[in-house]
Structure formats: C-alpha cells, structure tokens
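Asker: Structure supplied as entry.pdb; contents: PDB, C-alpha atoms.
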MODEL        1
ATOM      1  CA  LEU G   1      32.118  -5.521  -1.620
ATOM      2  CA  VAL G   2      31.234  -6.869  -5.061
ATOM      3  CA  GLY G   3      32.999  -4.857  -7.733
ATOM      4  CA  GLY G   4      34.651  -2.523  -5.249
ATOM      5  CA  GLN G   5      32.908   0.598  -4.000
ATOM      6  CA  LYS G   6      29.135   0.421  -3.607
ATOM      7  CA  ARG G   7      27.123   1.940  -6.441
ATOM      8  CA  THR G   8      24.174   4.287  -6.385
ATOM      9  CA  PRO G   9      20.897   2.755  -7.623
ATOM     10  CA  PRO G  10      20.868   2.760 -11.449
ATOM     11  CA  GLU G  11      18.158   4.614 -13.333
ATOM     12  CA  TRP G  12      16.797   1.423 -14.868
ATOM     13  CA  LEU G  13      16.085   0.077 -11.398
ATOM     14  CA  LYS G  14      14.138   3.209 -10.487
ATOM     15  CA  THR G  15      12.267   3.082 -13.799
ATOM     16  CA  TYR G  16      11.344  -0.593 -13.783
ATOM     17  CA  GLY G  17      10.710  -0.644 -10.054
ATOM     18  CA  VAL G  18       7.203   0.501 -10.977
ATOM     19  CA  TRP G  19       6.710  -2.981 -12.443
ATOM     20  CA  LEU G  20       9.050  -5.020 -10.252
ATOM     21  CA  ILE G  21       7.296  -4.090  -7.008
ATOM     22  CA  PRO G  22       3.678  -5.054  -7.871
ATOM     23  CA  VAL G  23       4.835  -8.160  -9.761
ATOM     24  CA  GLY G  24       6.980  -9.152  -6.781
ATOM     25  CA  PHE G  25       4.004  -8.638  -4.483
ATOM     26  CA  LEU G  26       1.824 -10.894  -6.623
ATOM     27  CA  LEU G  27       4.562 -13.549  -6.722
ATOM     28  CA  ILE G  28       4.674 -13.573  -2.916
ATOM     29  CA  VAL G  29       0.873 -13.841  -2.747
ATOM     30  CA  TRP G  30       0.950 -16.608  -5.352
ATOM     31  CA  ALA G  31       3.649 -18.552  -3.503
ATOM     32  CA  GLU G  32       1.828 -18.256  -0.171
ATOM     33  CA  HIS G  33      -1.368 -19.620  -1.714
ATOM     34  CA  VAL G  34       0.050 -22.347  -3.951
ATOM     35  CA  PHE G  35       2.455 -23.733  -1.338
ATOM     36  CA  LYS G  36      -0.071 -23.253   1.507
ATOM     37  CA  MET G  37       2.391 -21.371   3.677
ATOM     38  CA  THR G  38      -0.108 -20.734   6.453
ATOM     39  CA  SER G  39       0.191 -24.438   7.354
ATOM     40  CA  HIS G  40       3.640 -25.310   5.964
ATOM     41  CA  PRO G  41       6.435 -23.525   7.883
ATOM     42  CA  PHE G  42       9.160 -25.000   5.656
ATOM     43  CA  ALA G  43       7.769 -23.276   2.557
ATOM     44  CA  THR G  44       7.473 -20.028   4.525
ATOM     45  CA  GLY G  45      11.108 -20.360   5.565
ATOM     46  CA  ILE G  46      12.199 -20.787   1.942
ATOM     47  CA  LEU G  47      10.343 -17.617   0.956
ATOM     48  CA  LEU G  48      11.839 -15.603   3.810
ATOM     49  CA  LEU G  49      15.310 -16.940   3.048
ATOM     50  CA  SER G  50      14.921 -15.924  -0.606
ATOM     51  CA  LEU G  51      13.957 -12.376   0.373
ATOM     52  CA  ILE G  52      16.866 -12.149   2.813
ATOM     53  CA  MET G  53      19.352 -13.374   0.198
ATOM     54  CA  ALA G  54      18.034 -10.848  -2.327
ATOM     55  CA  ALA G  55      18.449  -8.052   0.234
ATOM     56  CA  ILE G  56      22.015  -9.185   0.995
ATOM     57  CA  LEU G  57      22.909  -9.267  -2.704
ATOM     58  CA  PHE G  58      21.611  -5.753  -3.280
ATOM     59  CA  ALA G  59      23.344  -4.519  -0.127
ATOM     60  CA  ALA G  60      26.649  -5.916  -1.422
ATOM     61  CA  VAL G  61      26.352  -4.169  -4.787
ATOM     62  CA  PHE G  62      24.477  -0.930  -4.100
ATOM     63  CA  GLU G  63      24.711   1.650  -1.345
ATOM     64  CA  ARG G  64      22.255   1.976   1.526
ATOM     65  CA  GLU G  65      19.008  -0.018   1.391
ATOM     66  CA  THR G  66      18.380  -0.010  -2.349
ATOM     67  CA  PHE G  67      16.449  -3.267  -2.165
ATOM     68  CA  CYS G  68      13.981  -1.890   0.376
ATOM     69  CA  ARG G  69      13.440   1.345  -1.531
ATOM     70  CA  HIS G  70      13.202   0.205  -5.141
ATOM     71  CA  VAL G  71      12.539  -3.546  -5.215
ATOM     72  CA  CYS G  72      11.060  -5.024  -2.030
ATOM     73  CA  PRO G  73       7.256  -5.459  -2.317
ATOM     74  CA  LEU G  74       6.755  -5.646   1.446
ATOM     75  CA  GLY G  75       8.766  -2.488   2.114
ATOM     76  CA  ASN G  76       6.841  -0.607  -0.548
ATOM     77  CA  LEU G  77       3.539  -1.937   0.766
ATOM     78  CA  GLY G  78       4.305  -0.047   3.955
ATOM     79  CA  ALA G  79       5.299   2.975   1.881
ATOM     80  CA  ILE G  80       2.011   3.258   0.006
ATOM     81  CA  LEU G  81       0.020   2.744   3.195
ATOM     82  CA  SER G  82       1.990   5.362   5.135
ATOM     83  CA  PRO G  83       0.081   8.472   3.886
ATOM     84  CA  ALA G  84      -2.868   7.222   5.942
ATOM     85  CA  GLY G  85      -0.735   7.071   9.087
ATOM     86  CA  THR G  86      -0.711   9.498  11.989
ATOM     87  CA  LEU G  87       3.072   9.937  12.295
ATOM     88  CA  GLY G  88       5.477  11.570   9.882
ATOM     89  CA  VAL G  89       9.004  12.966   9.819
ATOM     90  CA  ARG G  90       9.385  16.413   8.254
ATOM     91  CA  ALA G  91      11.941  19.197   8.219
ATOM     92  CA  ASN G  92      11.454  22.916   8.804
ATOM     93  CA  PRO G  93      12.128  24.603   5.419
ATOM     94  CA  ASN G  94      13.133  27.911   7.047
ATOM     95  CA  VAL G  95      15.785  26.270   9.216
ATOM     96  CA  CYS G  96      17.130  24.214   6.314
ATOM     97  CA  ALA G  97      17.315  27.219   3.982
ATOM     98  CA  THR G  98      19.051  29.558   6.414
ATOM     99  CA  GLN G  99      21.270  27.318   8.550
ATOM    100  CA  CYS G 100      21.994  24.012   6.811
ATOM    101  CA  THR G 101      24.771  23.440   4.266
ATOM    102  CA  THR G 102      25.725  19.818   4.964
ATOM    103  CA  HIS G 103      22.398  17.930   4.638
ATOM    104  CA  GLU G 104      23.438  15.525   7.354
ATOM    105  CA  CYS G 105      19.855  14.316   7.745
ATOM    106  CA  ASN G 106      20.204  12.679   4.326
ATOM    107  CA  LYS G 107      23.942  12.045   3.998
ATOM    108  CA  GLY G 108      24.672  11.222   7.617
ATOM    109  CA  SER G 109      27.382  12.459   9.952
ATOM    110  CA  ASP G 110      30.455  11.091  11.692
ATOM    111  CA  LYS G 111      28.250   9.799  14.489
ATOM    112  CA  TYR G 112      25.078   8.732  12.648
ATOM    113  CA  LEU G 113      24.365   7.053   9.310
ATOM    114  CA  GLY G 114      22.433   8.818   6.585
ATOM    115  CA  CYS G 115      18.902   7.940   5.564
ATOM    116  CA  PRO G 116      18.955   4.262   4.535
ATOM    117  CA  VAL G 117      16.242   4.717   1.884
ATOM    118  CA  PHE G 118      17.551   7.946   0.258
ATOM    119  CA  HIS G 119      14.871  10.042   1.917
ATOM    120  CA  HIS G 120      15.332  13.765   2.515
ATOM    121  CA  PRO G 121      12.785  15.126   5.009
ATOM    122  CA  LEU G 122      12.970  18.591   3.428
ATOM    123  CA  TYR G 123      12.256  17.675  -0.187
ATOM    124  CA  VAL G 124       9.911  14.717   0.273
ATOM    125  CA  ARG G 125       7.082  16.248   2.266
ATOM    126  CA  ASN G 126       4.936  13.142   2.586
ATOM    127  CA  SER G 127       7.655  10.904   4.077
ATOM    128  CA  HIS G 128       5.906   7.999   2.373
ATOM    129  CA  VAL G 129       9.117   5.986   2.086
ATOM    130  CA  CYS G 130      10.286   6.770   5.612
ATOM    131  CA  LYS G 131      11.221   3.736   7.753
ATOM    132  CA  MET G 132      10.947   5.690  10.998
ATOM    133  CA  CYS G 133      14.571   4.873  11.879
ATOM    134  CA  PHE G 134      14.962   8.520  13.056
ATOM    135  CA  ASN G 135      18.567   8.769  11.802
ATOM    136  CA  CYS G 136      17.703  12.161  10.308
ATOM    137  CA  ILE G 137      16.368  13.446  13.627
ATOM    138  CA  LYS G 138      19.482  12.282  15.448
ATOM    139  CA  SER G 139      21.956  13.552  12.861
ATOM    140  CA  CYS G 140      20.409  16.986  12.123
ATOM    141  CA  PRO G 141      22.568  19.535  14.027
ATOM    142  CA  HIS G 142      19.893  22.267  13.766
ATOM    143  CA  GLY G 143      16.858  20.359  15.069
ATOM    144  CA  SER G 144      15.028  20.863  11.778
ATOM    145  CA  ALA G 145      13.935  17.258  11.224
ATOM    146  CA  ARG G 146      11.227  16.298  13.695
ATOM    147  CA  LEU G 147       8.500  13.735  14.251
ATOM    148  CA  TYR G 148       4.991  15.148  13.784
ATOM    149  CA  LEU G 149       1.537  13.896  14.698
ATOM    150  CA  ARG G 150      -1.096  14.362  11.996
ATOM    151  CA  ALA G 151      -4.742  13.460  11.444
ATOM    152  CA  PRO G 152      -5.405   9.967  10.036
ATOM    153  CA  LEU G 153      -5.751   9.857   6.218
ATOM    154  CA  GLN G 154      -4.640  13.507   5.967
ATOM    155  CA  ARG G 155      -1.738  12.951   3.596
ATOM    156  CA  ILE G 156      -3.899  11.104   1.071
ATOM    157  CA  TRP G 157      -5.528  14.402   0.062
ATOM    158  CA  ARG G 158      -2.515  16.614   0.807
ATOM    159  CA  LEU G 159       0.017  14.867  -1.365
ATOM    160  CA  GLY G 160       3.037  16.676  -2.702
ATOM    161  CA  GLU G 161       5.799  14.728  -4.411
ATOM    162  CA  ILE G 162       5.235  10.987  -4.319
ATOM    163  CA  SER G 163       6.731   7.955  -6.050
ATOM    164  CA  ASN G 164       5.261   6.875  -9.377
ATOM    165  CA  VAL G 165       5.083   3.344  -7.949
ATOM    166  CA  VAL G 166       1.947   4.320  -6.046
ATOM    167  CA  ASP G 167      -0.647   4.178  -8.845
ATOM    168  CA  LEU G 168       0.043   0.724 -10.256
ATOM    169  CA  PHE G 169       0.852  -0.892  -6.908
ATOM    170  CA  SER G 170      -2.273   0.538  -5.231
ATOM    171  CA  LEU G 171      -4.491  -0.637  -8.061
ATOM    172  CA  THR G 172      -2.812  -4.056  -8.082
ATOM    173  CA  ILE G 173      -3.830  -4.494  -4.452
ATOM    174  CA  PHE G 174      -7.296  -3.122  -5.259
ATOM    175  CA  PHE G 175      -7.924  -5.851  -7.844
ATOM    176  CA  ALA G 176      -5.947  -8.657  -6.173
ATOM    177  CA  ALA G 177      -7.473  -8.333  -2.679
ATOM    178  CA  PRO G 178     -10.916  -9.718  -3.691
ATOM    179  CA  VAL G 179      -9.173 -12.669  -5.340
ATOM    180  CA  LEU G 180      -7.437 -13.486  -2.061
ATOM    181  CA  LEU G 181     -10.697 -13.165  -0.120
ATOM    182  CA  ALA G 182     -12.496 -15.355  -2.658
ATOM    183  CA  SER G 183      -9.837 -18.048  -2.291
ATOM    184  CA  VAL G 184     -11.124 -18.668   1.251
ATOM    185  CA  THR G 185     -14.599 -19.748   0.152
ATOM    186  CA  THR G 186     -14.157 -20.693  -3.536
ATOM    187  CA  ASP G 187     -12.894 -24.222  -4.104
ATOM    188  CA  LEU G 188     -12.108 -23.470  -7.740
ATOM    189  CA  LEU G 189      -9.384 -21.024  -6.681
ATOM    190  CA  HIS G 190      -7.623 -23.810  -4.776
ATOM    191  CA  ASN G 191      -6.452 -25.014  -8.179
ATOM    192  CA  PRO G 192      -3.007 -23.408  -8.748
ATOM    193  CA  ILE G 193      -3.592 -22.948 -12.482
ATOM    194  CA  VAL G 194      -6.941 -21.214 -11.970
ATOM    195  CA  PHE G 195      -5.547 -19.062  -9.158
ATOM    196  CA  THR G 196      -2.578 -18.049 -11.329
ATOM    197  CA  GLY G 197      -4.876 -17.100 -14.186
ATOM    198  CA  VAL G 198      -7.238 -15.038 -12.046
ATOM    199  CA  LEU G 199      -4.346 -13.269 -10.312
ATOM    200  CA  SER G 200      -2.850 -12.454 -13.736
ATOM    201  CA  LEU G 201      -6.182 -11.000 -14.838
ATOM    202  CA  ALA G 202      -6.237  -8.857 -11.696
ATOM    203  CA  PHE G 203      -2.801  -7.452 -12.553
ATOM    204  CA  GLY G 204      -3.897  -6.806 -16.153
ATOM    205  CA  ALA G 205      -6.922  -4.906 -14.854
ATOM    206  CA  ALA G 206      -4.626  -2.815 -12.627
ATOM    207  CA  VAL G 207      -2.414  -1.916 -15.600
ATOM    208  CA  VAL G 208      -5.421  -0.863 -17.678
ATOM    209  CA  ALA G 209      -6.963   1.106 -14.797
ATOM    210  CA  SER G 210      -3.682   2.896 -14.069
ATOM    211  CA  ALA G 211      -3.325   4.013 -17.680
ATOM    212  CA  GLY G 212      -6.998   4.971 -17.815
ATOM    213  CA  GLN G 213      -6.758   7.129 -14.699
ATOM    214  CA  GLN G 214      -3.886   9.138 -16.151
ATOM    215  CA  ARG G 215      -5.940   9.865 -19.263
ATOM    216  CA  LEU G 216      -9.158  10.477 -17.367
ATOM    217  CA  PHE G 217      -7.699  12.936 -14.876
ATOM    218  CA  GLY G 218      -5.382  14.706 -17.334
ATOM    219  CA  SER G 219      -1.633  14.816 -17.874
ATOM    220  CA  ASN G 220      -0.439  17.959 -16.079
ATOM    221  CA  ASP G 221       1.305  17.731 -12.728
ATOM    222  CA  GLU G 222      -1.701  18.619 -10.590
ATOM    223  CA  SER G 223      -3.979  16.188 -12.411
ATOM    224  CA  ASP G 224      -1.391  13.424 -12.118
ATOM    225  CA  SER G 225      -1.406  14.085  -8.396
ATOM    226  CA  LEU G 226      -5.207  13.828  -8.484
ATOM    227  CA  ALA G 227      -4.942  10.423 -10.154
ATOM    228  CA  THR G 228      -2.553   9.341  -7.400
ATOM    229  CA  ARG G 229      -4.944  10.574  -4.714
ATOM    230  CA  VAL G 230      -7.752   8.556  -6.288
ATOM    231  CA  SER G 231      -5.520   5.461  -6.314
ATOM    232  CA  LEU G 232      -4.764   5.904  -2.623
ATOM    233  CA  ALA G 233      -8.464   6.392  -1.824
ATOM    234  CA  LEU G 234      -9.197   3.122  -3.631
ATOM    235  CA  LEU G 235      -6.333   1.571  -1.687
ATOM    236  CA  ALA G 236      -8.075   2.577   1.537
ATOM    237  CA  LEU G 237     -11.067   0.528   0.374
ATOM    238  CA  SER G 238      -9.006  -2.464  -0.704
ATOM    239  CA  TRP G 239      -7.166  -2.335   2.634
ATOM    240  CA  GLY G 240     -10.404  -3.564   4.216
ATOM    241  CA  THR G 241     -10.565  -6.465   1.758
ATOM    242  CA  PHE G 242      -6.884  -7.241   2.108
ATOM    243  CA  ALA G 243      -7.043  -7.127   5.911
ATOM    244  CA  SER G 244     -10.112  -9.397   5.923
ATOM    245  CA  PHE G 245      -8.203 -12.190   4.187
ATOM    246  CA  PRO G 246      -5.680 -13.131   6.929
ATOM    247  CA  LEU G 247      -8.464 -13.177   9.528
ATOM    248  CA  SER G 248      -9.462 -16.567   8.092
ATOM    249  CA  ASN G 249      -6.059 -17.953   9.132
ATOM    250  CA  ILE G 250      -6.678 -17.373  12.849
ATOM    251  CA  PRO G 251      -6.713 -20.864  14.413
ATOM    252  CA  GLY G 252     -10.259 -22.020  15.153
ATOM    253  CA  ILE G 253     -11.940 -18.898  13.725
ATOM    254  CA  GLN G 254     -13.832 -20.949  11.120
ATOM    255  CA  GLU G 255     -15.683 -22.883  13.836
ATOM    256  CA  LEU G 256     -16.643 -19.928  16.040
ATOM    257  CA  ARG G 257     -20.222 -18.635  15.736
ATOM    258  CA  ILE G 258     -22.250 -15.972  17.512
ATOM    259  CA  GLN G 259     -25.483 -17.419  18.866
ATOM    260  CA  ALA G 260     -28.422 -16.032  20.823
ATOM    261  CA  ALA G 261     -30.112 -17.834  23.694
ATOM    262  CA  SER G 262     -33.063 -18.303  21.348
ATOM    263  CA  GLY G 263     -33.174 -17.750  17.637
ATOM    264  CA  THR G 264     -34.246 -14.255  16.525
ATOM    265  CA  TRP G 265     -34.579 -12.499  13.198
ATOM    266  CA  LEU G 266     -31.250 -10.810  13.954
ATOM    267  CA  VAL G 267     -29.357 -13.930  15.074
ATOM    268  CA  PRO G 268     -30.672 -17.172  13.529
ATOM    269  CA  ALA G 269     -30.694 -20.440  15.433
ATOM    270  CA  GLU G 270     -27.558 -21.720  13.688
ATOM    271  CA  GLY G 271     -25.706 -18.549  14.647
ATOM    272  CA  ILE G 272     -23.523 -16.130  12.672
ATOM    273  CA  PRO G 273     -19.917 -16.995  11.789
ATOM    274  CA  MET G 274     -17.481 -14.925  13.862
ATOM    275  CA  LEU G 275     -15.225 -14.596  10.807
ATOM    276  CA  ALA G 276     -18.003 -12.898   8.824
ATOM    277  CA  VAL G 277     -18.611 -10.457  11.678
ATOM    278  CA  LEU G 278     -14.929  -9.532  11.946
ATOM    279  CA  GLN G 279     -14.541  -9.151   8.172
ATOM    280  CA  THR G 280     -17.665  -6.986   7.986
ATOM    281  CA  GLY G 281     -16.357  -4.716  10.736
ATOM    282  CA  VAL G 282     -12.990  -4.252   9.041
ATOM    283  CA  PHE G 283     -14.615  -3.611   5.673
ATOM    284  CA  LEU G 284     -17.027  -1.022   7.094
ATOM    285  CA  ILE G 285     -14.047   0.902   8.497
ATOM    286  CA  ALA G 286     -12.447   0.804   5.039
ATOM    287  CA  ILE G 287     -15.635   2.089   3.387
ATOM    288  CA  LEU G 288     -15.784   4.986   5.856
ATOM    289  CA  ALA G 289     -12.128   5.858   5.225
ATOM    290  CA  THR G 290     -12.676   5.796   1.456
ATOM    291  CA  TRP G 291     -15.756   8.006   1.722
ATOM    292  CA  ILE G 292     -13.848  10.554   3.801
ATOM    293  CA  CYS G 293     -10.880  10.548   1.421
ATOM    294  CA  LEU G 294     -12.934  10.950  -1.746
ATOM    295  CA  GLY G 295     -15.014  13.747  -0.212
ATOM    296  CA  VAL G 296     -12.009  15.808   0.827
ATOM    297  CA  ILE G 297     -10.133  15.042  -2.423
ATOM    298  CA  ALA G 298     -13.092  16.396  -4.393
ATOM    299  CA  ARG G 299     -13.269  19.559  -2.274
ATOM    300  CA  ARG G 300      -9.554  20.305  -2.525
ATOM    301  CA  ALA G 301      -9.527  19.600  -6.261
ATOM    302  CA  LYS G 302     -12.354  22.096  -6.723
ATOM    303  CA  GLU G 303     -10.510  24.703  -4.643
ATOM    304  CA  LYS G 304      -7.485  24.372  -6.944
ATOM    305  CA  GLY G 305      -9.508  24.557 -10.148
ATOM    306  CA  HIS G 306      -9.177  20.865 -11.018
ATOM    307  CA  GLU G 307     -12.710  19.708 -10.289
ATOM    308  CA  ILE G 308     -13.356  16.030 -10.968
ATOM    309  CA  SER G 309     -15.432  15.627 -14.130
ATOM    310  CA  ARG G 310     -18.654  13.675 -14.402
ATOM    311  CA  ARG G 311     -16.816  10.902 -16.236
ATOM    312  CA  GLY G 312     -14.283  10.857 -13.431
ATOM    313  CA  TRP G 313     -16.989  10.425 -10.808
ATOM    314  CA  LEU G 314     -18.666   7.679 -12.858
ATOM    315  CA  TYR G 315     -15.336   5.862 -13.022
ATOM    316  CA  ILE G 316     -14.666   6.220  -9.293
ATOM    317  CA  SER G 317     -18.239   5.262  -8.356
ATOM    318  CA  GLY G 318     -18.127   2.230 -10.623
ATOM    319  CA  MET G 319     -14.862   1.015  -9.143
ATOM    320  CA  VAL G 320     -16.110   1.447  -5.574
ATOM    321  CA  VAL G 321     -19.552  -0.095  -6.155
ATOM    322  CA  VAL G 322     -18.228  -3.162  -7.978
ATOM    323  CA  HIS G 323     -15.583  -3.728  -5.311
ATOM    324  CA  VAL G 324     -18.011  -3.286  -2.414
ATOM    325  CA  VAL G 325     -20.693  -5.528  -3.954
ATOM    326  CA  GLY G 326     -18.130  -8.219  -4.733
ATOM    327  CA  VAL G 327     -16.700  -8.217  -1.206
ATOM    328  CA  VAL G 328     -20.150  -8.176   0.416
ATOM    329  CA  CYS G 329     -21.124 -11.224  -1.659
ATOM    330  CA  LEU G 330     -17.937 -13.032  -0.613
ATOM    331  CA  ILE G 331     -18.528 -12.296   3.067
ATOM    332  CA  ALA G 332     -22.173 -13.329   2.707
ATOM    333  CA  CYS G 333     -21.013 -16.710   1.418
ATOM    334  CA  LEU G 334     -19.650 -17.383   4.913
ATOM    335  CA  LEU G 335     -23.179 -17.124   6.301
ATOM    336  CA  TYR G 336     -24.236 -20.104   4.217
ATOM    337  CA  THR G 337     -21.206 -22.375   4.660
TER     338      THR G 337
ENDMDL
END
Would you write the structure of this file as structure tokens?
Answerer:
Amino acid sequence: LVGGQKRTPPEWLKTYGVWLIPVGFLLIVWAEHVFKMTSHPFATGILLLSLIMAAILFAAVFERETFCRHVCPLGNLGAILSPAGTLGVRANPNVCATQCTTHECNKGSDKYLGCPVFHHPLYVRNSHVCKMCFNCIKSCPHGSARLYLRAPLQRIWRLGEISNVVDLFSLTIFFAAPVLLASVTTDLLHNPIVFTGVLSLAFGAAVVASAGQQRLFGSNDESDSLATRVSLALLALSWGTFASFPLSNIPGIQELRIQAASGTWLVPAEGIPMLAVLQTGVFLIAILATWICLGVIARRAKEKGHEISRRGWLYISGMVVVHVVGVVCLIACLLYT
C-alpha cells in the first residue's frame, strides 16, 4: 500500500466531489466527441485505461471504493439515476435498534467484506449510492438488511438524506444532454472549439441554476430537499434527451426509414427516419415520468406545508418548456435531413 495503511476519504474530497464529478462527466463526454470514440476503438481504450488507472491509484491510497463513491462520474451517474429504480436495499430500523451492536452490514464481518461505497442501509434510506453487491445482506446476522421492490420513480418524491452531488450533477446533465443531441445534426458542433465552448456554457448554466434553486426553494432542510427533488424530476426529463443521443450510433440506423405502401398525410412518400421515431418514443416516456414526478412532488410538498410558490412553478415550467421545445426541434431536424 502507498504510505502504509489505507486512509479514509479526506473531507476535501467529499467537499470538492460536488465539482469533480460533473466536471469529470463533461470531460468524458468531450473526449468521446472530440476523439470520435464511437468509431475509433483505440481512443476508447485510452479513456478506459485512464479510468482504470485512476481507480487503482485511489484503491492503493484510500480504503474501500473511494474513487467510485466520491470521484467517478460514471459511478455517480448510476447513483443519481437510482432513485427512479424499482429495487432498493434497506434495513429494518427496529431490528437494528434492538439487536445490532456490530454494524456488520457496513463494516463487514470475518466472512464478508463491508460496504465498498461506505453505505449503511439503516441511515441512508434511499440507497442511492448502493452498488447492489449485497454484501450487507449477506453479512447482516439479524436479517435486517433486505432487498425491496418499490414503485418506479417513487424515491424521487420520497427522498430522505441524499448526497449534495445530486443538484449540480443532475442539472449538468439537464443542460448538456441537448448539446449532445444537437451534435448529431449540427455540423457546427463538429468543431472541437465550438463544442468545447457550448459544453462549457451548459456547465455554467447548471451552476447558476443550482444556486438559483437553493434560493428559490428556501434554505431550510425540507426546502433543500425540495430543490433536490426538482433537480431529479428535471433529470427524468433530460434522461430522455440523454438516452436519445446514443441511438444515433446504432449501425445503419441513419439509413432506416418507415414507409407506407403509398404516401399518406401520416407517412410521406419519402418515409420517416427510424431514428426520429425511436428518439420521440424515448422522449415521450421521459416527459410522462417528469409530469408524474412533479405532480406528486407538489402534492407532498403541500401536505408538509412547503407548497411550491408561483415563482417556483414559473421556474420549473420555463425549464421544462425550453428543454422540450429544444429537443423537439432537434428531433424534427431529422425529418428534413
């Protein structure tokens, strides 16, 4: 080991991870675009090797999987998307309070390792950083930690404690996803300098929006949680945009078109691009998910006495409308190319 015994993650890493993770994500996106990794395996290999070497370095210096928890953009991308998932690991508070004194689910036991990402199923109710390795389930001697099935999107409006990485990272994806989608049909974004500038503007917009949400929705604990819920609802929308982008990399998808036996008002003679159809379908699912999330968030906020203000709704509506209109215009461009 470097420097002897492994160290716990330092506070500065936890503090600046809020910035390191979204910046790292944008650097990966930038590298993939500039070096055209979808068609150049060597460049992809260099990127993967760099990530592996970084993980090895952190594993040599710090205990457990510090890199995955506090630095890795891809690991944290899964973490911020997990509240929408249908599976989660949680502990029974009554069992933990009355029977447990060793916390083996977190620290590990003689037979099983502890949680690799410093997750305690009792204290972190949302399991948003959980890797689903199930070490806690195997090591818990009281059967408290278990795998639960939950309704999709449920945890977005039932958040408890959650990492402060969520707001900025979610909004970074919200603003960066349309840039990625635009790079498919906009020749100007093929220029590395232009793409770098636009991606930087997207990150700047995310920083401003994150700070604005904290002011708009208040500064107490419950309102901060409301701001986080709004960020995750916006993330549900940008997931549709983000997921639409890699569809264009499917081999041959650009040439496929849906055509009718004879031209109709619904299907013109030249046909409809299959890519546009797939992207529209994915985006419609994202719009539905966002609508559900915002509706339930508003109802639960009202029940707890933290009703969203008119300014708050104007902000949310503006963000959603601008994003939806922008993405619809980008997808529509495929119909005329």
Asker: Starting from the shown file, work through the PyMOL selection byres ((chain G and resi 327) around 9) and note down what comes out as an NGL selection string.
Answerer: :G and (178 or 181-182 or 241 or 283 or 322-326 or 328-332)
Asker: Tell me which of G:Pro41, G:Gly78, G:Gly312, G:Gly88 sits closest to Leu147 (chain G), counting all atoms listed in the file.
Answerer: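 Among the listed residues, the smallest separation from Leu147 (chain G) belongs to G:Gly88.
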Asker: For a quick check of understanding, using only C-alpha atoms, which of G:His306, G:Ser170, G:Phe58, G:Met274 has the smallest distance to Ile250 (chain G)?
Answerer: G:Met274
Asker: What is the CA of Ala91 (chain G) to CA of Arg150 (chain G) distance in Å?
Answerer: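 Rounded to one decimal, the two atoms are 14.4 Å apart.
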Asker: Quick one: which region 31-124 of chain G residues come within 10 Å of region 186-199 of chain G, and what is the nearest atom pair for each with the distance in Å to one decimal, counting all atoms listed in the file, rows ordered by chain and ascending number, as a tab-separated table?
Answerer:
residue	atom	partner	partner_atom	distance
G:Ala31	CA	G:Pro192	CA	9.8
G:His33	CA	G:His190	CA	8.1
G:Val34	CA	G:Pro192	CA	5.8
G:Phe35	CA	G:Pro192	CA	9.2
G:Lys36	CA	G:His190	CA	9.8
Asker: Enter the distance from CA of Ala176 (chain G) to CA of Ala202 (chain G), in Å, rounded to one decimal.
Answerer: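 Separation between CA of Ala176 (chain G) and CA of Ala202 (chain G): 5.5 Å.
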Asker: If I take CA of Asp110 (chain G) and CA of Ser144 (chain G), how far is one from the other in Å, to one decimal?
Answerer: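 Computed distance, CA of Asp110 (chain G) to CA of Ser144 (chain G), equals 18.3 Å.
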